[in-house]
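As stored in run07.cif (mmCIF, C-alpha atoms, pLDDT in the B column; chains and numbers go by the auth columns):
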```
data_structure
loop_
_atom_site.group_PDB
_atom_site.id
_atom_site.type_symbol
_atom_site.label_atom_id
_atom_site.label_comp_id
_atom_site.label_asym_id
_atom_site.label_seq_id
_atom_site.Cartn_x
_atom_site.Cartn_y
_atom_site.Cartn_z
_atom_site.B_iso_or_equiv
_atom_site.auth_seq_id
_atom_site.auth_asym_id
ATOM 1 C CA MET A 1 -98.438 -50.384 35.823 30.00 1 I
ATOM 2 C CA VAL A 2 -95.248 -52.139 34.787 30.00 2 I
ATOM 3 C CA SER A 3 -92.153 -50.805 36.455 31.00 3 I
ATOM 4 C CA GLY A 4 -89.793 -48.878 34.204 33.00 4 I
ATOM 5 C CA SER A 5 -86.903 -50.923 35.580 28.00 5 I
ATOM 6 C CA PHE A 6 -88.126 -53.907 33.567 27.00 6 I
ATOM 7 C CA PHE A 7 -88.561 -51.869 30.357 31.00 7 I
ATOM 8 C CA PRO A 8 -85.904 -49.140 30.522 34.00 8 I
ATOM 9 C CA ARG A 9 -86.360 -47.966 26.934 41.00 9 I
ATOM 10 C CA LEU A 10 -89.970 -48.759 26.074 45.00 10 I
ATOM 11 C CA ASN A 11 -92.122 -46.104 24.449 47.00 11 I
ATOM 12 C CA GLY A 12 -94.769 -46.084 21.748 52.00 12 I
ATOM 13 C CA THR A 13 -95.861 -49.488 20.507 61.00 13 I
ATOM 14 C CA ARG A 14 -93.379 -51.359 22.658 57.00 14 I
ATOM 15 C CA LYS A 15 -94.704 -49.706 25.802 53.00 15 I
ATOM 16 C CA ALA A 16 -98.321 -50.400 24.853 56.00 16 I
ATOM 17 C CA VAL A 17 -97.584 -54.076 24.328 62.00 17 I
ATOM 18 C CA ALA A 18 -95.440 -54.337 27.457 56.00 18 I
ATOM 19 C CA VAL A 19 -97.939 -52.655 29.764 53.00 19 I
ATOM 20 C CA LEU A 20 -100.792 -54.897 28.677 56.00 20 I
ATOM 21 C CA LEU A 21 -98.864 -58.150 28.512 56.00 21 I
ATOM 22 C CA ALA A 22 -96.604 -57.419 31.511 45.00 22 I
ATOM 23 C CA ALA A 23 -93.933 -59.656 30.039 35.00 23 I
ATOM 24 C CA GLY A 24 -90.338 -59.149 28.848 32.00 24 I
ATOM 25 C CA MET A 25 -89.925 -58.094 25.239 33.00 25 I
ATOM 26 C CA ILE A 26 -88.583 -60.657 22.765 31.00 26 I
ATOM 27 C CA PHE A 27 -86.371 -59.017 20.153 31.00 27 I
ATOM 28 C CA THR A 28 -84.130 -61.437 18.291 31.00 28 I
ATOM 29 C CA GLY A 29 -82.763 -61.626 14.761 34.00 29 I
ATOM 30 C CA CYS A 30 -85.287 -62.159 11.995 37.00 30 I
ATOM 31 C CA ALA A 31 -82.804 -64.482 10.285 36.00 31 I
ATOM 32 C CA GLY A 32 -82.577 -66.798 13.301 38.00 32 I
ATOM 33 C CA GLY A 33 -82.999 -70.534 13.260 37.00 33 I
ATOM 34 C CA GLY A 34 -86.266 -72.203 12.304 40.00 34 I
ATOM 35 C CA ASN A 35 -89.326 -70.603 10.758 45.00 35 I
ATOM 36 C CA GLU A 36 -90.502 -68.728 13.838 65.00 36 I
ATOM 37 C CA GLU A 37 -91.378 -65.146 12.996 77.00 37 I
ATOM 38 C CA GLU A 38 -89.642 -62.553 15.123 83.00 38 I
ATOM 39 C CA SER A 39 -89.607 -58.798 15.665 86.00 39 I
ATOM 40 C CA ALA A 40 -87.772 -56.730 13.051 92.00 40 I
ATOM 41 C CA VAL A 41 -87.593 -53.423 11.181 95.00 41 I
ATOM 42 C CA ALA A 42 -87.380 -52.880 7.405 97.00 42 I
ATOM 43 C CA LEU A 43 -86.340 -49.733 5.530 98.00 43 I
ATOM 44 C CA GLN A 44 -88.376 -48.941 2.412 97.00 44 I
ATOM 45 C CA LYS A 45 -87.151 -47.292 -0.796 95.00 45 I
ATOM 46 C CA ASP A 46 -89.556 -44.389 -0.286 96.00 46 I
ATOM 47 C CA GLY A 47 -88.008 -43.601 3.103 96.00 47 I
ATOM 48 C CA LYS A 48 -90.729 -45.202 5.207 97.00 48 I
ATOM 49 C CA VAL A 49 -89.939 -47.616 8.013 97.00 49 I
ATOM 50 C CA LYS A 50 -91.949 -50.795 8.554 96.00 50 I
ATOM 51 C CA ALA A 51 -91.834 -52.374 11.999 94.00 51 I
ATOM 52 C CA LEU A 52 -93.013 -55.776 13.160 93.00 52 I
ATOM 53 C CA ILE A 53 -93.388 -56.744 16.809 89.00 53 I
ATOM 54 C CA VAL A 54 -93.972 -60.391 17.682 87.00 54 I
ATOM 55 C CA GLU A 55 -94.785 -61.006 21.327 82.00 55 I
ATOM 56 C CA SER A 56 -95.998 -63.884 23.504 81.00 56 I
ATOM 57 C CA PHE A 57 -99.720 -63.559 24.208 78.00 57 I
ATOM 58 C CA ASP A 58 -101.823 -65.431 26.772 71.00 58 I
ATOM 59 C CA LYS A 59 -105.477 -65.200 25.716 66.00 59 I
ATOM 60 C CA ALA A 60 -106.580 -66.381 29.167 66.00 60 I
ATOM 61 C CA ASN A 61 -105.092 -63.321 30.867 64.00 61 I
ATOM 62 C CA TYR A 62 -105.117 -60.569 28.233 66.00 62 I
ATOM 63 C CA ASP A 63 -107.581 -59.052 25.799 77.00 63 I
ATOM 64 C CA LYS A 64 -106.619 -58.647 22.141 81.00 64 I
ATOM 65 C CA ASP A 65 -109.156 -55.862 21.524 85.00 65 I
ATOM 66 C CA GLU A 66 -107.837 -53.895 24.504 82.00 66 I
ATOM 67 C CA LEU A 67 -104.300 -54.196 23.188 83.00 67 I
ATOM 68 C CA GLN A 68 -105.378 -53.124 19.696 87.00 68 I
ATOM 69 C CA GLN A 69 -107.253 -50.090 20.977 88.00 69 I
ATOM 70 C CA ARG A 70 -104.304 -49.072 23.136 85.00 70 I
ATOM 71 C CA ILE A 71 -101.905 -49.198 20.213 87.00 71 I
ATOM 72 C CA LEU A 72 -104.316 -47.356 17.904 91.00 72 I
ATOM 73 C CA ARG A 73 -104.857 -44.678 20.533 89.00 73 I
ATOM 74 C CA GLU A 74 -101.134 -44.116 21.075 89.00 74 I
ATOM 75 C CA ALA A 75 -100.532 -43.833 17.318 91.00 75 I
ATOM 76 C CA SER A 76 -103.497 -41.458 16.938 94.00 76 I
ATOM 77 C CA ASP A 77 -102.285 -39.273 19.803 92.00 77 I
ATOM 78 C CA TYR A 78 -98.813 -39.093 18.292 93.00 78 I
ATOM 79 C CA ASN A 79 -100.186 -38.135 14.876 95.00 79 I
ATOM 80 C CA ALA A 80 -102.358 -35.429 16.421 96.00 80 I
ATOM 81 C CA GLN A 81 -99.384 -33.967 18.275 93.00 81 I
ATOM 82 C CA SER A 82 -97.144 -34.047 15.202 92.00 82 I
ATOM 83 C CA GLY A 83 -99.830 -32.584 12.933 94.00 83 I
ATOM 84 C CA GLN A 84 -99.476 -35.315 10.318 93.00 84 I
ATOM 85 C CA THR A 85 -100.098 -39.002 9.759 94.00 85 I
ATOM 86 C CA ALA A 86 -96.602 -40.046 10.744 96.00 86 I
ATOM 87 C CA ILE A 87 -97.616 -43.525 11.934 95.00 87 I
ATOM 88 C CA SER A 88 -100.059 -46.093 10.593 96.00 88 I
ATOM 89 C CA VAL A 89 -101.069 -49.250 12.442 94.00 89 I
ATOM 90 C CA GLU A 90 -101.439 -51.882 9.719 94.00 90 I
ATOM 91 C CA LYS A 91 -102.388 -54.932 11.778 92.00 91 I
ATOM 92 C CA VAL A 92 -102.785 -56.248 15.302 90.00 92 I
ATOM 93 C CA ALA A 93 -103.392 -60.005 15.184 89.00 93 I
ATOM 94 C CA VAL A 94 -103.263 -62.870 17.650 86.00 94 I
ATOM 95 C CA SER A 95 -102.473 -66.416 16.543 85.00 95 I
ATOM 96 C CA GLU A 96 -100.880 -69.497 18.106 83.00 96 I
ATOM 97 C CA GLY A 97 -100.041 -67.747 21.362 83.00 97 I
ATOM 98 C CA LYS A 98 -98.398 -64.742 19.692 85.00 98 I
ATOM 99 C CA VAL A 99 -99.494 -61.167 19.098 87.00 99 I
ATOM 100 C CA ARG A 100 -98.292 -59.671 15.819 90.00 100 I
ATOM 101 C CA VAL A 101 -98.215 -55.875 15.434 92.00 101 I
ATOM 102 C CA GLU A 102 -97.369 -54.292 12.073 94.00 102 I
ATOM 103 C CA MET A 103 -96.762 -50.545 11.811 94.00 103 I
ATOM 104 C CA THR A 104 -95.550 -48.131 9.147 96.00 104 I
ATOM 105 C CA TYR A 105 -93.680 -44.943 10.025 96.00 105 I
ATOM 106 C CA GLU A 106 -93.460 -42.046 7.590 97.00 106 I
ATOM 107 C CA ASP A 107 -89.696 -41.804 8.075 97.00 107 I
ATOM 108 C CA ALA A 108 -86.810 -42.699 10.378 97.00 108 I
ATOM 109 C CA ALA A 109 -87.391 -39.600 12.500 96.00 109 I
ATOM 110 C CA ALA A 110 -90.963 -40.666 13.272 95.00 110 I
ATOM 111 C CA TYR A 111 -89.792 -44.165 14.202 94.00 111 I
ATOM 112 C CA ALA A 112 -87.126 -42.762 16.524 94.00 112 I
ATOM 113 C CA SER A 113 -89.461 -40.238 18.137 92.00 113 I
ATOM 114 C CA PHE A 114 -92.372 -42.622 18.727 91.00 114 I
ATOM 115 C CA ASN A 115 -90.145 -45.333 20.155 89.00 115 I
ATOM 116 C CA GLY A 116 -87.951 -43.033 22.213 89.00 116 I
ATOM 117 C CA GLY A 117 -84.561 -43.875 20.727 92.00 117 I
ATOM 118 C CA THR A 118 -81.945 -42.956 18.133 96.00 118 I
ATOM 119 C CA PHE A 119 -82.613 -44.006 14.542 97.00 119 I
ATOM 120 C CA PHE A 120 -80.840 -41.742 12.057 98.00 120 I
ATOM 121 C CA ILE A 121 -80.730 -42.494 8.347 98.00 121 I
ATOM 122 C CA GLY A 122 -79.085 -40.097 5.937 97.00 122 I
ATOM 123 C CA SER A 123 -75.864 -38.928 4.371 97.00 123 I
ATOM 124 C CA VAL A 124 -72.578 -38.760 6.244 97.00 124 I
ATOM 125 C CA GLN A 125 -72.679 -34.972 5.860 96.00 125 I
ATOM 126 C CA LYS A 126 -76.161 -34.783 7.394 97.00 126 I
ATOM 127 C CA ALA A 127 -75.074 -36.995 10.308 97.00 127 I
ATOM 128 C CA GLY A 128 -72.238 -34.583 11.047 96.00 128 I
ATOM 129 C CA GLU A 129 -74.553 -31.587 10.811 96.00 129 I
ATOM 130 C CA ASP A 130 -76.915 -33.274 13.266 97.00 130 I
ATOM 131 C CA GLY A 131 -74.114 -33.655 15.784 97.00 131 I
ATOM 132 C CA TYR A 132 -73.345 -37.372 15.516 97.00 132 I
ATOM 133 C CA ASP A 133 -69.771 -38.349 16.319 96.00 133 I
ATOM 134 C CA LEU A 134 -68.108 -39.598 13.138 96.00 134 I
ATOM 135 C CA ASN A 135 -64.775 -40.242 14.824 97.00 135 I
ATOM 136 C CA ARG A 136 -65.350 -43.979 14.595 97.00 136 I
ATOM 137 C CA VAL A 137 -63.549 -47.028 13.301 97.00 137 I
ATOM 138 C CA LEU A 138 -65.772 -49.161 11.067 98.00 138 I
ATOM 139 C CA SER A 139 -64.896 -52.552 9.599 98.00 139 I
ATOM 140 C CA SER A 140 -65.589 -53.723 6.071 98.00 140 I
ATOM 141 C CA VAL A 141 -68.358 -56.308 5.769 98.00 141 I
ATOM 142 C CA LYS A 142 -66.330 -58.150 3.118 96.00 142 I
ATOM 143 C CA ASP A 143 -63.037 -58.095 5.040 96.00 143 I
ATOM 144 C CA ASP A 144 -63.061 -57.283 8.763 90.00 144 I
ATOM 145 C CA LEU A 145 -59.321 -56.554 8.595 95.00 145 I
ATOM 146 C CA GLU A 146 -60.121 -53.543 6.401 97.00 146 I
ATOM 147 C CA THR A 147 -61.159 -50.550 8.473 98.00 147 I
ATOM 148 C CA VAL A 148 -62.074 -46.922 7.838 98.00 148 I
ATOM 149 C CA GLY A 149 -61.833 -43.917 10.136 97.00 149 I
ATOM 150 C CA LYS A 150 -63.263 -40.421 10.373 97.00 150 I
ATOM 151 C CA SER A 151 -61.597 -38.958 7.268 97.00 151 I
ATOM 152 C CA ASP A 152 -62.507 -41.997 5.145 97.00 152 I
ATOM 153 C CA ILE A 153 -66.108 -41.908 6.346 97.00 153 I
ATOM 154 C CA ALA A 154 -66.375 -38.200 5.566 95.00 154 I
ATOM 155 C CA ASN A 155 -65.415 -38.892 1.933 95.00 155 I
ATOM 156 C CA MET A 156 -68.056 -41.596 1.432 96.00 156 I
ATOM 157 C CA THR A 157 -70.604 -39.225 -0.063 94.00 157 I
ATOM 158 C CA ASP A 158 -72.266 -41.984 -2.087 95.00 158 I
ATOM 159 C CA MET A 159 -73.105 -43.970 1.052 97.00 159 I
ATOM 160 C CA ARG A 160 -75.978 -43.706 3.501 98.00 160 I
ATOM 161 C CA LEU A 161 -75.486 -44.025 7.219 98.00 161 I
ATOM 162 C CA LEU A 162 -77.700 -45.738 9.788 98.00 162 I
ATOM 163 C CA ILE A 163 -77.019 -44.759 13.394 98.00 163 I
ATOM 164 C CA THR A 164 -79.118 -46.353 16.113 97.00 164 I
ATOM 165 C CA ASP A 165 -79.273 -47.401 19.731 95.00 165 I
ATOM 166 C CA MET A 166 -82.271 -49.655 19.131 92.00 166 I
ATOM 167 C CA ARG A 167 -81.682 -53.375 19.028 90.00 167 I
ATOM 168 C CA GLU A 168 -84.262 -54.831 16.644 91.00 168 I
ATOM 169 C CA PRO A 169 -82.633 -56.265 13.506 95.00 169 I
ATOM 170 C CA VAL A 170 -82.953 -53.950 10.509 97.00 170 I
ATOM 171 C CA THR A 171 -83.347 -54.982 6.873 97.00 171 I
ATOM 172 C CA LEU A 172 -81.718 -52.248 4.799 98.00 172 I
ATOM 173 C CA ASN A 173 -82.909 -50.856 1.482 97.00 173 I
ATOM 174 C CA GLY A 174 -79.403 -51.512 0.232 97.00 174 I
ATOM 175 C CA LYS A 175 -76.348 -53.518 1.297 98.00 175 I
ATOM 176 C CA ALA A 176 -74.132 -52.926 4.317 98.00 176 I
ATOM 177 C CA ALA A 177 -70.536 -51.987 3.459 98.00 177 I
ATOM 178 C CA TYR A 178 -68.970 -50.918 6.775 98.00 178 I
ATOM 179 C CA ILE A 179 -70.150 -51.560 10.330 98.00 179 I
ATOM 180 C CA SER A 180 -69.218 -50.748 13.908 98.00 180 I
ATOM 181 C CA ALA A 181 -67.960 -53.474 16.250 97.00 181 I
ATOM 182 C CA ASN A 182 -71.399 -53.994 17.856 97.00 182 I
ATOM 183 C CA VAL A 183 -73.029 -54.973 14.536 98.00 183 I
ATOM 184 C CA THR A 184 -73.182 -58.195 12.536 97.00 184 I
ATOM 185 C CA VAL A 185 -74.627 -58.747 9.060 98.00 185 I
ATOM 186 C CA ASP A 186 -76.381 -61.640 7.339 97.00 186 I
ATOM 187 C CA LYS A 187 -74.751 -63.382 4.376 95.00 187 I
ATOM 188 C CA LYS A 188 -76.553 -61.217 1.829 95.00 188 I
ATOM 189 C CA GLY A 189 -75.475 -57.978 3.524 96.00 189 I
ATOM 190 C CA LYS A 190 -79.097 -56.880 3.744 97.00 190 I
ATOM 191 C CA THR A 191 -80.024 -57.401 7.384 97.00 191 I
ATOM 192 C CA VAL A 192 -78.010 -56.060 10.315 98.00 192 I
ATOM 193 C CA PHE A 193 -78.117 -57.312 13.902 97.00 193 I
ATOM 194 C CA PHE A 194 -77.026 -55.527 17.048 96.00 194 I
ATOM 195 C CA ASN A 195 -75.207 -56.574 20.194 95.00 195 I
ATOM 196 C CA GLU A 196 -77.855 -56.099 22.883 90.00 196 I
ATOM 197 C CA ASP A 197 -75.182 -55.757 25.587 93.00 197 I
ATOM 198 C CA SER A 198 -73.519 -52.808 23.890 94.00 198 I
ATOM 199 C CA GLU A 199 -74.297 -49.322 25.203 93.00 199 I
ATOM 200 C CA GLU A 200 -72.665 -47.683 22.182 96.00 200 I
ATOM 201 C CA LEU A 201 -74.497 -46.364 19.147 97.00 201 I
ATOM 202 C CA ALA A 202 -74.389 -48.739 16.188 98.00 202 I
ATOM 203 C CA TYR A 203 -73.086 -47.371 12.853 98.00 203 I
ATOM 204 C CA ILE A 204 -73.793 -48.936 9.455 98.00 204 I
ATOM 205 C CA LEU A 205 -72.641 -47.483 6.148 98.00 205 I
ATOM 206 C CA PHE A 206 -74.711 -48.909 3.321 98.00 206 I
ATOM 207 C CA LYS A 207 -75.438 -48.326 -0.354 96.00 207 I
#
```
Let me see the file written as structure tokens.
Amino acid sequence: MVSGSFFPRLNGTRKAVAVLLAAGMIFTGCAGGGNEEESAVALQKDGKVKALIVESFDKANYDKDELQQRILREASDYNAQSGQTAISVEKVAVSEGKVRVEMTYEDAAAYASFNGGTFFIGSVQKAGEDGYDLNRVLSSVKDDLETVGKSDIANMTDMRLLITDMREPVTLNGKAAYISANVTVDKKGKTVFFNEDSEELAYILFK
């Protein structure tokens, strides 16, 4: 079994892949250089979360069918425990030395729970009710010299808030407006990237 020290925050799909491949996870921005496909998360208009994991795969040492069955079993066990089909495994494919895993989560809560991290999406009011600290300074995506604080954030009732400690890039179902210091945004304002060295929660206000 792979030591937890190498994968300090792996659960769900990530743990299944890591245990079988016994290799470090590769999570880099989906808007990186070249055409190489990379791991990422995408928010859907209906509230679902689509996740893609792209991982190095050595056919000589690992079995694709074993990996697929492991992932399917973990998703099935989670659904049975939750009493609903909260997770669907769309594809497990191996090509050109890479394994590609596509999954759909019923909502942000299912994604957070299955993967063992924080992934809140909702109104500013709901974030406060759930106990998230809104005493933050966020910078405008358009002008990083423009900042907003707790009282400003509380009045942004037309915005949605993403709060996460996960580090896969996220494509929003909207455009980022204000971000915490450990976040960067692509030119279109649609995809956000996280500083992997930061231990702080990432905050993104988007609309």
(request) Find the residue from I:Gly116, I:Gly122, I:Pro169, I:Gly97 that sits nearest to I:Lys50; use only C-alpha atoms when measuring. (result)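 That would be I:Pro169, the residue with the smallest distance to I:Lys50.
The two atoms in question, atom CA of I:Asn79 and atom CA of I:Leu52, are spaced 19.1 Å apart.
Non-sequential neighbours of I:Val185 (distance at most 12 Å, separation of 5 or more positions within a chain, all atoms listed in the file) are Gly29, Cys30, Ala31, Ser139, Ser140, Val141, Lys142, Asp144, Pro169, Val170, Thr171, Leu172, Lys175, Ala176, Ala177, Tyr178, Ile179, Ser180, Lys190, Thr191, Val192, Phe193, Phe194, Asn195, Ile204, Leu205 and Phe206 of chain I.
Against this structure, the PyMOL selection byres ((chain I and resi 124) around 7) ends up with I:Gly122, I:Ser123, I:Gln125, I:Lys126, I:Ala127, I:Gly128, I:Ala154, I:Thr157, I:Arg160, I:Leu161.
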(request) Please measure the separation of atom CA of I:Ala86 and atom CA of I:Leu162, giving the value in Å to one decimal. (result)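 Computing the Euclidean distance for atom CA of I:Ala86 and atom CA of I:Leu162 yields 19.8 Å.
Close to (-106.4, -51.7, 12.0), meaning no more than 8 Å away when counting all atoms listed in the file, sit the residues I:Gln68, I:Leu72, I:Val89, I:Glu90, I:Lys91, I:Val92.
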(message) Set the distance at 12 Å and use only C-alpha atoms: which residues neighbour I:Asp77 once local chain neighbours fewer than 6 positions away are removed? I'd like the list as a ChimeraX atom specification.
(response) /I:12,69-71,83-88,114
(request) Take atom CA of I:Gln81 and atom CA of I:Ile121 and report the distance between them in Å, one decimal. (result) 22.8 Å
(request) Using all atoms listed in the file, pick whichever of I:Asn135, I:Thr104, I:Ser76, I:Ser198 has the shortest atom-to-atom distance to I:Ala42. (result) I:Thr104
(request) On this file, the PyMOL selection byres ((chain I and resi 56) around 7) gives some set of residues; write that set as a list in words. (result)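 Answer for the PyMOL selection byres ((chain I and resi 56) around 7): Glu55, Phe57, Asp58, Gly97, Lys98 and Val99 of chain I.
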(request) Check which residues satisfy the PyMOL selection byres ((chain I and resi 109) around 12) in the file shown, then give them as a list in words. (result)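 This file gives the following for the PyMOL selection byres ((chain I and resi 109) around 12): Gly47, Lys48, Val49, Ser82, Ala86, Ile87, Tyr105, Glu106, Asp107, Ala108, Ala110, Tyr111, Ala112, Ser113, Phe114, Asn115, Gly116, Gly117, Thr118, Phe119, Phe120, Ile121, Gly122, Leu162, Ile163 and Thr164 of chain I.
Compared by their closest atoms to I:Glu200, and using all atoms listed in the file, the residues I:Leu145, I:Met156, I:Met166, I:Val94 rank with I:Met166 nearest.
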(request) Go through I:Asp186, I:Asp130, I:Glu168, I:Glu37 one by one, measure the shortest atom-to-atom distance of each to I:Ser95 using only C-alpha atoms, and give the residue with the smallest value. (result)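 Result for the nearest residue to I:Ser95: I:Glu37.
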